[in-house]
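Everything below belongs to query24.cif, which stores mmCIF, C-alpha atoms.
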```cif
data_target
#
loop_
_atom_site.group_PDB
_atom_site.id
_atom_site.type_symbol
_atom_site.label_atom_id
_atom_site.label_comp_id
_atom_site.auth_asym_id
_atom_site.auth_seq_id
_atom_site.Cartn_x
_atom_site.Cartn_y
_atom_site.Cartn_z
ATOM 1 C CA MET R 89 45.701 68.350 140.628
ATOM 2 C CA GLN R 90 47.142 71.440 142.265
ATOM 3 C CA LYS R 91 45.646 72.683 145.513
ATOM 4 C CA LEU R 92 43.274 75.605 145.166
ATOM 5 C CA ALA R 93 44.555 78.799 146.771
ATOM 6 C CA VAL R 94 42.948 79.448 150.165
ATOM 7 C CA GLY R 95 39.857 81.664 149.901
ATOM 8 C CA MET R 96 39.548 81.138 146.172
ATOM 9 C CA ALA R 97 36.329 79.949 144.652
ATOM 10 C CA ILE R 98 34.560 79.499 141.342
ATOM 11 C CA ARG R 99 31.384 81.470 140.724
ATOM 12 C CA LEU R 100 28.951 81.149 137.837
ATOM 13 C CA ILE R 101 26.853 84.210 137.011
ATOM 14 C CA LEU R 102 23.713 83.583 134.970
ATOM 15 C CA VAL R 103 21.508 86.197 133.373
ATOM 16 C CA GLY R 104 17.855 85.394 133.984
ATOM 17 C CA LYS R 105 16.162 82.874 136.184
ATOM 18 C CA THR R 106 16.459 79.195 135.396
ATOM 19 C CA ALA R 107 12.921 78.975 134.110
ATOM 20 C CA GLU R 108 12.534 75.270 133.420
ATOM 21 C CA ALA R 109 12.237 72.864 136.340
ATOM 22 C CA TYR R 110 14.154 70.146 134.502
ATOM 23 C CA VAL R 111 17.110 72.499 133.943
ATOM 24 C CA ARG R 112 17.077 73.486 137.633
ATOM 25 C CA GLU R 113 17.097 69.827 138.605
ATOM 26 C CA GLY R 114 20.082 69.005 136.403
ATOM 27 C CA MET R 115 21.928 72.111 137.585
ATOM 28 C CA SER R 116 21.462 71.186 141.200
ATOM 29 C CA LEU R 117 22.867 67.727 140.500
ATOM 30 C CA TYR R 118 26.040 69.093 138.866
ATOM 31 C CA THR R 119 26.399 71.951 141.353
ATOM 32 C CA SER R 120 26.561 69.503 144.202
ATOM 33 C CA ARG R 121 29.046 67.313 142.320
ATOM 34 C CA ILE R 122 31.296 70.310 141.584
ATOM 35 C CA GLY R 123 31.124 71.251 145.265
ATOM 36 C CA ARG R 124 33.224 68.172 146.041
ATOM 37 C CA TYR R 125 36.189 69.771 144.260
ATOM 38 C CA CYS R 126 35.993 73.499 145.000
ATOM 39 C CA ARG R 127 33.956 76.205 146.650
ATOM 40 C CA PHE R 128 31.365 76.791 143.973
ATOM 41 C CA SER R 129 28.338 79.043 143.790
ATOM 42 C CA VAL R 130 25.792 80.104 141.200
ATOM 43 C CA VAL R 131 24.381 83.640 141.036
ATOM 44 C CA GLU R 132 21.191 84.114 139.036
ATOM 45 C CA ILE R 133 20.461 87.660 137.996
ATOM 46 C CA PRO R 134 16.676 88.221 137.984
ATOM 47 C CA ASP R 135 15.025 88.714 134.605
ATOM 48 C CA LEU R 136 14.514 92.324 133.587
ATOM 49 C CA LYS R 137 11.026 93.729 133.955
ATOM 50 C CA GLN R 138 8.977 95.011 131.004
ATOM 51 C CA VAL R 139 11.567 93.646 128.630
ATOM 52 C CA SER R 140 9.257 93.927 125.618
ATOM 53 C CA ALA R 141 9.582 97.724 125.784
ATOM 54 C CA LEU R 142 13.379 97.495 125.437
ATOM 55 C CA SER R 143 15.660 97.116 122.409
ATOM 56 C CA PRO R 144 18.269 94.329 122.368
ATOM 57 C CA ALA R 145 20.963 96.965 123.020
ATOM 58 C CA GLN R 146 19.071 98.298 126.053
ATOM 59 C CA ILE R 147 18.569 94.771 127.363
ATOM 60 C CA LYS R 148 22.294 94.009 127.075
ATOM 61 C CA GLU R 149 23.132 97.308 128.763
ATOM 62 C CA LYS R 150 20.858 96.751 131.743
ATOM 63 C CA GLU R 151 21.874 93.130 132.112
ATOM 64 C CA GLY R 152 25.500 94.265 131.942
ATOM 65 C CA VAL R 153 25.033 96.614 134.905
ATOM 66 C CA GLU R 154 23.635 93.728 136.969
ATOM 67 C CA ILE R 155 26.430 91.374 135.908
ATOM 68 C CA LEU R 156 29.094 93.889 136.925
ATOM 69 C CA LYS R 157 27.508 94.351 140.368
ATOM 70 C CA ASN R 158 28.273 90.688 141.000
ATOM 71 C CA ILE R 159 31.937 90.900 140.003
ATOM 72 C CA HIS R 160 34.458 92.012 142.618
ATOM 73 C CA PRO R 161 37.843 93.674 142.174
ATOM 74 C CA GLY R 162 40.493 91.044 141.529
ATOM 75 C CA ASP R 163 38.049 88.444 140.195
ATOM 76 C CA GLU R 164 39.156 86.813 136.990
ATOM 77 C CA VAL R 165 36.220 86.870 134.586
ATOM 78 C CA ILE R 166 35.614 84.447 131.729
ATOM 79 C CA LEU R 167 32.657 85.053 129.442
ATOM 80 C CA LEU R 168 30.866 82.204 127.707
ATOM 81 C CA ASP R 169 30.667 83.420 124.144
ATOM 82 C CA GLU R 170 30.468 81.663 120.784
ATOM 83 C CA ARG R 171 33.479 83.648 119.592
ATOM 84 C CA GLY R 172 35.608 82.458 122.531
ATOM 85 C CA LYS R 173 38.304 79.808 122.730
ATOM 86 C CA SER R 174 37.179 76.262 122.174
ATOM 87 C CA PHE R 175 38.777 73.204 123.695
ATOM 88 C CA SER R 176 38.463 69.457 123.852
ATOM 89 C CA SER R 177 37.378 68.375 127.340
ATOM 90 C CA ILE R 178 40.963 67.376 128.134
ATOM 91 C CA GLY R 179 42.319 70.699 126.832
ATOM 92 C CA TRP R 180 39.694 72.552 128.835
ATOM 93 C CA ALA R 181 40.642 70.659 132.018
ATOM 94 C CA GLN R 182 44.308 71.631 131.491
ATOM 95 C CA HIS R 183 43.354 75.240 130.792
ATOM 96 C CA LEU R 184 41.176 75.380 133.915
ATOM 97 C CA GLU R 185 43.920 73.865 136.040
ATOM 98 C CA GLN R 186 46.329 76.597 134.886
ATOM 99 C CA ARG R 187 43.745 79.297 135.538
ATOM 100 C CA LEU R 188 43.100 77.984 139.037
ATOM 101 C CA ALA R 189 46.827 77.879 139.774
ATOM 102 C CA HIS R 190 47.372 81.503 138.764
ATOM 103 C CA CYS R 191 44.103 83.136 139.743
ATOM 104 C CA GLN R 192 44.511 85.706 142.543
ATOM 105 C CA LYS R 193 40.909 85.830 143.673
ATOM 106 C CA ASP R 194 37.738 84.143 142.451
ATOM 107 C CA LEU R 195 37.342 82.683 139.012
ATOM 108 C CA VAL R 196 34.017 83.893 137.617
ATOM 109 C CA PHE R 197 32.229 82.493 134.573
ATOM 110 C CA VAL R 198 29.372 84.449 133.036
ATOM 111 C CA VAL R 199 26.546 83.152 130.849
ATOM 112 C CA GLY R 200 24.755 86.095 129.233
ATOM 113 C CA GLY R 201 21.155 86.488 128.173
ATOM 114 C CA SER R 202 19.693 85.758 124.744
ATOM 115 C CA TRP R 203 21.215 88.895 123.249
ATOM 116 C CA GLY R 204 24.752 88.510 124.546
ATOM 117 C CA PHE R 205 26.911 90.934 126.554
ATOM 118 C CA SER R 206 27.221 94.712 126.690
ATOM 119 C CA GLN R 207 30.557 96.296 125.810
ATOM 120 C CA ALA R 208 31.210 97.027 129.497
ATOM 121 C CA VAL R 209 30.993 93.309 130.284
ATOM 122 C CA TYR R 210 33.275 92.428 127.359
ATOM 123 C CA ASP R 211 35.745 95.003 128.693
ATOM 124 C CA ARG R 212 35.728 93.433 132.188
ATOM 125 C CA GLY R 213 36.217 89.885 130.885
ATOM 126 C CA SER R 214 39.776 88.633 130.652
ATOM 127 C CA ASP R 215 38.919 85.717 128.383
ATOM 128 C CA MET R 216 36.071 84.091 126.452
ATOM 129 C CA LEU R 217 35.168 80.424 126.327
ATOM 130 C CA SER R 218 33.064 78.805 123.599
ATOM 131 C CA LEU R 219 31.433 75.457 124.333
ATOM 132 C CA SER R 220 30.196 75.040 120.773
ATOM 133 C CA LYS R 221 30.005 76.874 117.461
ATOM 134 C CA MET R 222 26.270 76.296 117.723
ATOM 135 C CA THR R 223 24.065 78.702 119.621
ATOM 136 C CA CYS R 224 22.599 76.902 122.599
ATOM 137 C CA SER R 225 19.575 78.206 124.512
ATOM 138 C CA HIS R 226 20.705 80.329 127.456
ATOM 139 C CA GLN R 227 18.903 77.830 129.670
ATOM 140 C CA LEU R 228 20.463 74.617 128.365
ATOM 141 C CA ILE R 229 23.942 76.140 128.198
ATOM 142 C CA ARG R 230 23.808 76.217 132.018
ATOM 143 C CA LEU R 231 23.599 72.457 132.162
ATOM 144 C CA PHE R 232 26.171 72.006 129.434
ATOM 145 C CA PHE R 233 28.681 74.279 131.172
ATOM 146 C CA LEU R 234 28.193 72.689 134.601
ATOM 147 C CA GLU R 235 28.752 69.256 133.122
ATOM 148 C CA GLN R 236 32.001 70.450 131.500
ATOM 149 C CA LEU R 237 33.153 72.018 134.761
ATOM 150 C CA TYR R 238 32.428 68.788 136.633
ATOM 151 C CA ARG R 239 34.093 66.747 133.873
ATOM 152 C CA ALA R 240 37.192 68.981 134.042
ATOM 153 C CA PHE R 241 37.611 68.294 137.762
ATOM 154 C CA THR R 242 37.256 64.541 137.238
ATOM 155 C CA ILE R 243 39.923 64.759 134.503
ATOM 156 C CA MET R 244 42.276 66.766 136.754
ATOM 157 C CA LYS R 245 41.823 64.155 139.487
ATOM 158 C CA GLY R 246 42.215 61.208 137.103
ATOM 159 C CA GLU R 247 38.762 59.887 137.976
ATOM 160 C CA PRO R 248 37.011 57.471 135.593
ATOM 161 C CA TYR R 249 34.080 59.710 134.532
ATOM 162 C CA HIS R 250 35.662 60.847 131.263
ATOM 163 C CA HIS R 251 36.342 58.338 128.447
ATOM 164 C CA GLU R 252 38.658 59.258 125.611
ATOM 165 C CA MET J 98 11.497 75.952 103.953
ATOM 166 C CA GLN J 99 11.102 73.162 101.447
ATOM 167 C CA LYS J 100 8.341 70.632 101.944
ATOM 168 C CA LEU J 101 9.452 67.312 103.365
ATOM 169 C CA ALA J 102 9.050 64.415 100.957
ATOM 170 C CA VAL J 103 5.937 62.363 101.670
ATOM 171 C CA GLY J 104 6.640 59.425 103.971
ATOM 172 C CA MET J 105 9.959 60.829 105.076
ATOM 173 C CA ALA J 106 10.744 61.271 108.725
ATOM 174 C CA ILE J 107 13.559 62.041 111.121
ATOM 175 C CA ARG J 108 14.519 59.410 113.664
ATOM 176 C CA LEU J 109 16.929 59.698 116.573
ATOM 177 C CA ILE J 110 18.531 56.487 117.828
ATOM 178 C CA LEU J 111 19.990 56.613 121.329
ATOM 179 C CA VAL J 112 22.153 53.992 122.951
ATOM 180 C CA GLY J 113 21.004 53.353 126.517
ATOM 181 C CA LYS J 114 17.984 54.452 128.426
ATOM 182 C CA THR J 115 17.553 58.085 129.331
ATOM 183 C CA ALA J 116 18.393 57.492 132.966
ATOM 184 C CA GLU J 117 17.791 60.901 134.490
ATOM 185 C CA ALA J 118 14.232 62.155 134.928
ATOM 186 C CA TYR J 119 15.238 65.764 134.220
ATOM 187 C CA VAL J 120 16.784 64.754 130.870
ATOM 188 C CA ARG J 121 13.626 62.808 129.958
ATOM 189 C CA GLU J 122 11.522 65.832 130.797
ATOM 190 C CA GLY J 123 13.576 68.168 128.617
ATOM 191 C CA MET J 124 13.626 65.644 125.781
ATOM 192 C CA SER J 125 9.881 65.299 125.837
ATOM 193 C CA LEU J 126 9.531 69.083 125.613
ATOM 194 C CA TYR J 127 11.778 69.341 122.540
ATOM 195 C CA THR J 128 10.406 66.176 120.934
ATOM 196 C CA SER J 129 6.925 67.635 120.960
ATOM 197 C CA ARG J 130 8.196 70.958 119.577
ATOM 198 C CA ILE J 131 10.064 69.196 116.751
ATOM 199 C CA GLY J 132 6.892 67.237 115.972
ATOM 200 C CA ARG J 133 5.336 70.492 114.727
ATOM 201 C CA TYR J 134 7.778 70.513 111.796
ATOM 202 C CA CYS J 135 8.294 66.886 110.798
ATOM 203 C CA ARG J 136 7.450 63.308 111.651
ATOM 204 C CA PHE J 137 9.923 62.691 114.414
ATOM 205 C CA SER J 138 10.589 59.726 116.659
ATOM 206 C CA VAL J 139 13.159 58.680 119.232
ATOM 207 C CA VAL J 140 14.356 55.071 119.589
ATOM 208 C CA GLU J 141 16.108 54.164 122.821
ATOM 209 C CA ILE J 142 18.196 51.019 122.699
ATOM 210 C CA PRO J 143 18.067 49.285 126.096
ATOM 211 C CA ASP J 144 21.259 49.256 128.148
ATOM 212 C CA LEU J 145 23.376 46.125 127.792
ATOM 213 C CA LYS J 146 23.182 43.620 130.617
ATOM 214 C CA GLN J 147 26.209 42.632 132.720
ATOM 215 C CA VAL J 148 28.205 45.383 131.095
ATOM 216 C CA SER J 149 30.952 45.243 133.754
ATOM 217 C CA ALA J 150 32.070 41.866 132.352
ATOM 218 C CA LEU J 151 32.628 43.409 128.894
ATOM 219 C CA SER J 152 35.538 45.349 127.417
ATOM 220 C CA PRO J 153 34.884 48.723 125.746
ATOM 221 C CA ALA J 154 35.371 47.034 122.342
ATOM 222 C CA GLN J 155 32.785 44.358 123.198
ATOM 223 C CA ILE J 156 30.358 47.004 124.425
ATOM 224 C CA LYS J 157 30.701 48.985 121.176
ATOM 225 C CA GLU J 158 30.262 45.811 119.161
ATOM 226 C CA LYS J 159 27.082 44.722 120.903
ATOM 227 C CA GLU J 160 25.621 48.205 120.891
ATOM 228 C CA GLY J 161 26.457 48.416 117.193
ATOM 229 C CA VAL J 162 24.404 45.316 116.421
ATOM 230 C CA GLU J 163 21.407 46.879 118.185
ATOM 231 C CA ILE J 164 21.866 50.212 116.417
ATOM 232 C CA LEU J 165 21.951 48.527 113.006
ATOM 233 C CA LYS J 166 18.732 46.618 113.745
ATOM 234 C CA ASN J 167 17.005 49.989 113.944
ATOM 235 C CA ILE J 168 18.321 51.264 110.607
ATOM 236 C CA HIS J 169 16.436 50.358 107.443
ATOM 237 C CA PRO J 170 17.669 50.066 103.866
ATOM 238 C CA GLY J 171 17.648 53.504 102.240
ATOM 239 C CA ASP J 172 17.859 55.423 105.518
ATOM 240 C CA GLU J 173 20.432 58.153 105.521
ATOM 241 C CA VAL J 174 22.468 57.827 108.704
ATOM 242 C CA ILE J 175 24.315 60.633 110.482
ATOM 243 C CA LEU J 176 26.425 59.779 113.507
ATOM 244 C CA LEU J 177 26.975 62.249 116.315
ATOM 245 C CA ASP J 178 30.717 62.091 116.807
ATOM 246 C CA GLU J 179 33.291 64.567 118.106
ATOM 247 C CA ARG J 180 35.312 64.084 114.925
ATOM 248 C CA GLY J 181 32.341 65.023 112.737
ATOM 249 C CA LYS J 182 31.526 68.238 110.889
ATOM 250 C CA SER J 183 30.792 71.230 113.061
ATOM 251 C CA PHE J 184 28.485 74.081 112.144
ATOM 252 C CA SER J 185 27.095 77.309 113.479
ATOM 253 C CA SER J 186 23.369 76.963 114.170
ATOM 254 C CA ILE J 187 22.598 78.800 110.918
ATOM 255 C CA GLY J 188 25.021 76.599 108.953
ATOM 256 C CA TRP J 189 23.507 73.520 110.527
ATOM 257 C CA ALA J 190 19.980 74.628 109.585
ATOM 258 C CA GLN J 191 21.103 75.097 105.967
ATOM 259 C CA HIS J 192 22.846 71.729 105.965
ATOM 260 C CA LEU J 193 19.775 70.010 107.408
ATOM 261 C CA GLU J 194 17.520 71.675 104.861
ATOM 262 C CA GLN J 195 19.695 70.320 102.042
ATOM 263 C CA ARG J 196 19.739 66.852 103.587
ATOM 264 C CA LEU J 197 15.964 66.840 103.918
ATOM 265 C CA ALA J 198 15.559 67.946 100.308
ATOM 266 C CA HIS J 199 17.737 65.121 98.955
ATOM 267 C CA CYS J 200 17.062 62.317 101.396
ATOM 268 C CA GLN J 201 15.305 59.347 99.782
ATOM 269 C CA LYS J 202 13.984 57.735 102.904
ATOM 270 C CA ASP J 203 14.310 58.552 106.606
ATOM 271 C CA LEU J 204 17.031 60.737 108.037
ATOM 272 C CA VAL J 205 18.461 58.952 111.070
ATOM 273 C CA PHE J 206 20.716 60.494 113.698
ATOM 274 C CA VAL J 207 22.559 58.222 116.119
ATOM 275 C CA VAL J 208 23.967 59.099 119.535
ATOM 276 C CA GLY J 209 26.295 56.326 120.689
ATOM 277 C CA GLY J 210 27.105 55.087 124.173
ATOM 278 C CA SER J 211 29.975 56.249 126.392
ATOM 279 C CA TRP J 212 32.549 54.335 124.341
ATOM 280 C CA GLY J 213 31.483 55.479 120.875
ATOM 281 C CA PHE J 214 30.577 53.423 117.797
ATOM 282 C CA SER J 215 31.701 50.070 116.415
ATOM 283 C CA GLN J 216 33.334 49.974 112.994
ATOM 284 C CA ALA J 217 30.153 48.483 111.485
ATOM 285 C CA VAL J 218 28.183 51.546 112.596
ATOM 286 C CA TYR J 219 30.835 53.907 111.235
ATOM 287 C CA ASP J 220 30.629 52.013 107.920
ATOM 288 C CA ARG J 221 26.837 52.438 107.757
ATOM 289 C CA GLY J 222 26.938 56.175 108.530
ATOM 290 C CA SER J 223 27.052 58.528 105.590
ATOM 291 C CA ASP J 224 28.164 61.511 107.630
ATOM 292 C CA MET J 225 29.215 62.596 111.104
ATOM 293 C CA LEU J 226 28.067 65.649 113.022
ATOM 294 C CA SER J 227 29.927 67.195 115.956
ATOM 295 C CA LEU J 228 28.002 69.480 118.302
ATOM 296 C CA SER J 229 31.117 70.461 120.243
ATOM 297 C CA LYS J 230 34.810 69.682 120.509
ATOM 298 C CA MET J 231 34.057 68.903 124.131
ATOM 299 C CA THR J 232 32.872 65.484 125.190
ATOM 300 C CA CYS J 233 29.357 65.783 126.533
ATOM 301 C CA SER J 234 27.729 63.071 128.663
ATOM 302 C CA HIS J 235 25.752 60.699 126.454
ATOM 303 C CA GLN J 236 22.699 61.738 128.453
ATOM 304 C CA LEU J 237 23.008 65.517 128.134
ATOM 305 C CA ILE J 238 23.961 65.315 124.461
ATOM 306 C CA ARG J 239 20.381 64.137 123.867
ATOM 307 C CA LEU J 240 18.989 67.412 125.096
ATOM 308 C CA PHE J 241 21.629 69.434 123.304
ATOM 309 C CA PHE J 242 20.948 67.710 119.985
ATOM 310 C CA LEU J 243 17.161 68.012 120.261
ATOM 311 C CA GLU J 244 17.471 71.706 120.984
ATOM 312 C CA GLN J 245 19.673 72.153 117.884
ATOM 313 C CA LEU J 246 17.211 70.197 115.758
ATOM 314 C CA TYR J 247 14.334 72.336 117.010
ATOM 315 C CA ARG J 248 16.404 75.493 116.525
ATOM 316 C CA ALA J 249 17.235 74.453 112.951
ATOM 317 C CA PHE J 250 13.542 74.157 112.060
ATOM 318 C CA THR J 251 12.780 77.576 113.563
ATOM 319 C CA ILE J 252 15.653 79.032 111.491
ATOM 320 C CA MET J 253 14.385 77.347 108.294
ATOM 321 C CA LYS J 254 10.932 78.787 108.959
ATOM 322 C CA GLY J 255 12.258 82.255 109.860
ATOM 323 C CA GLU J 256 10.709 82.049 113.332
ATOM 324 C CA PRO J 257 12.019 84.325 116.090
ATOM 325 C CA TYR J 258 13.492 81.653 118.415
ATOM 326 C CA HIS J 259 17.071 82.066 117.190
ATOM 327 C CA HIS J 260 18.966 85.340 117.792
ATOM 328 C CA GLU J 261 22.146 86.047 115.861
#
```

How does this structure look as structure tokens?
Amino acid sequence: MQKLAVGMAIRLILVGKTAEAYVREGMSLYTSRIGRYCRFSVVEIPDLKQVSALSPAQIKEKEGVEILKNIHPGDEVILLDERGKSFSSIGWAQHLEQRLAHCQKDLVFVVGGSWGFSQAVYDRGSDMLSLSKMTCSHQLIRLFFLEQLYRAFTIMKGEPYHHE
Amino acid sequence: MQKLAVGMAIRLILVGKTAEAYVREGMSLYTSRIGRYCRFSVVEIPDLKQVSALSPAQIKEKEGVEILKNIHPGDEVILLDERGKSFSSIGWAQHLEQRLAHCQKDLVFVVGGSWGFSQAVYDRGSDMLSLSKMTCSHQLIRLFFLEQLYRAFTIMKGEPYHHE
């Protein structure tokens, strides 16, 4: 595993609070595991207010503004999106290792809300990652992604967590 | 949505206890939701004892014997396996609806242990389903599958849970 560049970190931006206690518990478990391998943080964007008065397009737009506030110049942004690239866990670990080696600043993953991303967010993303062809709840996908991020680090380090 | 045949049910067989409390909590949430649409039960096969003395092949073999004890003649068996068929959530709902319409007895899904299935279990399965090209922990996959099963029923019923 290559050394991470000094000052670089991985950030996960999530749209909406983690509503379910059991999801929060699992996330905290994986977040602390991932913290052994890199500087890692999770940013939760608060849920929009009076969302029932808004159309899906308006929701995506407003969420997009909040997402972009949490992205800094130079960050490399990867959107979790069903239309993105899909990998085996090994392929994903190799891809992540390359990204980390070439990333100038922070590597930022974004999980959108139930309606997906606004065009402005798509424009800021440099790549899209798909964990599954299936649509997963925007709560559970948090757990699923964190487990894949943790798994990728164990693969890069040759640790026995992953079985082929 | 077609009516389920009388006496028919869906069963999920899991190898190994659900170790983490947060996974159990999420499973119980989805299990009760799925119970609104069909007779649904989860069978957990106890973890093998003294597993560190066994090779992966021996583990698969022993787990396979336990899995097969929980499958009855006439059951239609679908194995969750990375090499299986993959679907979008809509495609999966349509596939499940067809399966339910033609299934003679119970529809049984099986999630294996960390090392996968023995040959005897592969031979008994009539199909394989892949939720992702990525390897997911055999604990988290439980949650992921239950959410997809619940989502499939809401799609069949035209309920607003799923957003395209």

Box for segment 120-124 of chain J: with edges along x, y and z, all listed atoms inside and 8 Å added on each side, what are the centre and edge lengths in Å to one decimal, as AutoDock Vina command-line options?
```
--center_x 14.2 --center_y 65.5 --center_z 128.3 --size_x 21.3 --size_y 21.4 --size_z 21.1
```

Margin query: Could you tell me how far atom CA of Phe206 of chain J sits from atom CA of Arg121 of chain J, in Å to one decimal place?
Written below: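 Interatomic distance, atom CA of Arg121 of chain J to atom CA of Phe206 of chain J: 17.9 Å.
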
Notebook entry, point to check: Which residues come within 12 Å of segment 220-227 of chain J, counting all atoms listed in the file, excluding same-chain residues fewer than 6 positions away, as JSON, numbers by chain?
Noted result: {"R": [176, 219, 220, 221, 222], "J": [161, 162, 164, 165, 166, 167, 168, 169, 170, 171, 172, 173, 174, 175, 176, 177, 178, 179, 180, 181, 182, 183, 184, 185, 186, 189, 192, 193, 196, 200, 204, 205, 206, 207, 208, 209, 214, 233, 238, 241, 242, 245]}

Next item on the list: Compile the contact shell of Ser215 of chain J as an MDAnalysis selection string: residues with an atom at most 8 Å away, counting all atoms listed in the file, same-chain residues fewer than 4 positions apart removed.
Entry: chainID J and resid 154 157:158 160:161 219

Note to self: Please enumerate the residues selected by the PyMOL selection byres ((chain R and resi 131-142) around 8) when evaluated against the supplied file, formatted as an MDAnalysis selection string.
What the structure shows: chainID R and resid 99:106 129:130 143:147 150:151 154:155

Go ahead and dump the residues you just picked, C-alpha atoms, as a tab-separated table (two decimals), in the coordinates of the input.
```tsv
chain	number	residue	atom	x	y	z
R	99	ARG	CA	31.38	81.47	140.72
R	100	LEU	CA	28.95	81.15	137.84
R	101	ILE	CA	26.85	84.21	137.01
R	102	LEU	CA	23.71	83.58	134.97
R	103	VAL	CA	21.51	86.20	133.37
R	104	GLY	CA	17.86	85.39	133.98
R	105	LYS	CA	16.16	82.87	136.18
R	106	THR	CA	16.46	79.19	135.40
R	129	SER	CA	28.34	79.04	143.79
R	130	VAL	CA	25.79	80.10	141.20
R	143	SER	CA	15.66	97.12	122.41
R	144	PRO	CA	18.27	94.33	122.37
R	145	ALA	CA	20.96	96.96	123.02
R	146	GLN	CA	19.07	98.30	126.05
R	147	ILE	CA	18.57	94.77	127.36
R	150	LYS	CA	20.86	96.75	131.74
R	151	GLU	CA	21.87	93.13	132.11
R	154	GLU	CA	23.64	93.73	136.97
R	155	ILE	CA	26.43	91.37	135.91
```

Next item on the list: Could you tell me which of R:Ala97, R:Val209, R:Val111, R:Leu237 comes closest to chain J if we count only C-alpha atoms?
Entry: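 Ranked by minimum distance to chain J, first place goes to R:Val111.
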
Next item on the list: Have a look at J:Thr232, J:Tyr258, J:Arg239, J:Leu197 and name the one nearest to chain R; count all atoms listed in the file.
Entry: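 For chain R, the nearest of the candidates is J:Thr232.
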
Item checked: Between atom CA of Asp194 of chain R and atom CA of Tyr110 of chain R - distance in Å to one decimal ->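 Separating atom CA of Tyr110 of chain R from atom CA of Asp194 of chain R is a distance of 28.6 Å.
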
Next item on the list: Can you work out which one of R:Phe241, R:Ala181, R:Ala107, R:Ser202 has the shortest atom-to-atom distance to Cys126 of chain R, counting all atoms listed in the file?
Entry: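 Looking only at the distances to Cys126 of chain R, the closest residue turns out to be R:Phe241.
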
Notebook entry, point to check: Which distance in Å separates atom CA of Met124 of chain J and atom CA of Ala109 of chain R, to one decimal?
Noted result: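 Separating atom CA of Met124 of chain J from atom CA of Ala109 of chain R is a distance of 12.9 Å.
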
Item checked: Among listed residues J:Leu243, J:Ala217, J:Met253, J:Ile131, nearest chain R (using all atoms listed in the file) ->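 When distances to chain R are compared using all atoms listed in the file, the smallest one comes from J:Leu243.
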
As an mmCIF file, keeping the file's coordinate frame, the rebuilt segment 158-162 of chain R with all heavy atoms:
```
data_model
loop_
_atom_site.group_PDB
_atom_site.id
_atom_site.type_symbol
_atom_site.label_atom_id
_atom_site.label_comp_id
_atom_site.auth_asym_id
_atom_site.auth_seq_id
_atom_site.Cartn_x
_atom_site.Cartn_y
_atom_site.Cartn_z
ATOM 1 N N ASN R 158 27.938 91.974 140.382
ATOM 2 C CA ASN R 158 28.273 90.688 141.000
ATOM 3 C C ASN R 158 29.723 90.263 140.759
ATOM 4 O O ASN R 158 30.082 89.119 141.025
ATOM 5 C CB ASN R 158 27.317 89.606 140.484
ATOM 6 C CG ASN R 158 25.942 89.751 141.107
ATOM 7 O OD1 ASN R 158 25.753 89.357 142.250
ATOM 8 N ND2 ASN R 158 25.008 90.348 140.378
ATOM 9 N N ILE R 159 30.512 91.178 140.230
ATOM 10 C CA ILE R 159 31.937 90.900 140.003
ATOM 11 C C ILE R 159 32.748 91.817 140.924
ATOM 12 O O ILE R 159 32.462 93.010 141.012
ATOM 13 C CB ILE R 159 32.301 91.126 138.520
ATOM 14 C CG1 ILE R 159 31.574 90.079 137.665
ATOM 15 C CG2 ILE R 159 33.809 91.053 138.314
ATOM 16 C CD1 ILE R 159 31.741 90.269 136.175
ATOM 17 N N HIS R 160 33.702 91.241 141.629
ATOM 18 C CA HIS R 160 34.458 92.012 142.618
ATOM 19 C C HIS R 160 35.853 92.317 142.084
ATOM 20 O O HIS R 160 36.361 91.598 141.209
ATOM 21 C CB HIS R 160 34.534 91.220 143.922
ATOM 22 C CG HIS R 160 33.201 90.672 144.334
ATOM 23 N ND1 HIS R 160 32.996 89.371 144.723
ATOM 24 C CD2 HIS R 160 31.977 91.262 144.347
ATOM 25 C CE1 HIS R 160 31.712 89.179 144.988
ATOM 26 N NE2 HIS R 160 31.074 90.303 144.758
ATOM 27 N N PRO R 161 36.485 93.357 142.631
ATOM 28 C CA PRO R 161 37.843 93.674 142.174
ATOM 29 C C PRO R 161 38.745 92.452 142.380
ATOM 30 O O PRO R 161 38.636 91.763 143.389
ATOM 31 C CB PRO R 161 38.268 94.816 143.111
ATOM 32 C CG PRO R 161 36.986 95.407 143.617
ATOM 33 C CD PRO R 161 36.011 94.273 143.692
ATOM 34 N N GLY R 162 39.571 92.184 141.410
ATOM 35 C CA GLY R 162 40.493 91.044 141.529
ATOM 36 C C GLY R 162 39.929 89.751 140.956
ATOM 37 O O GLY R 162 40.682 88.818 140.696
#
```
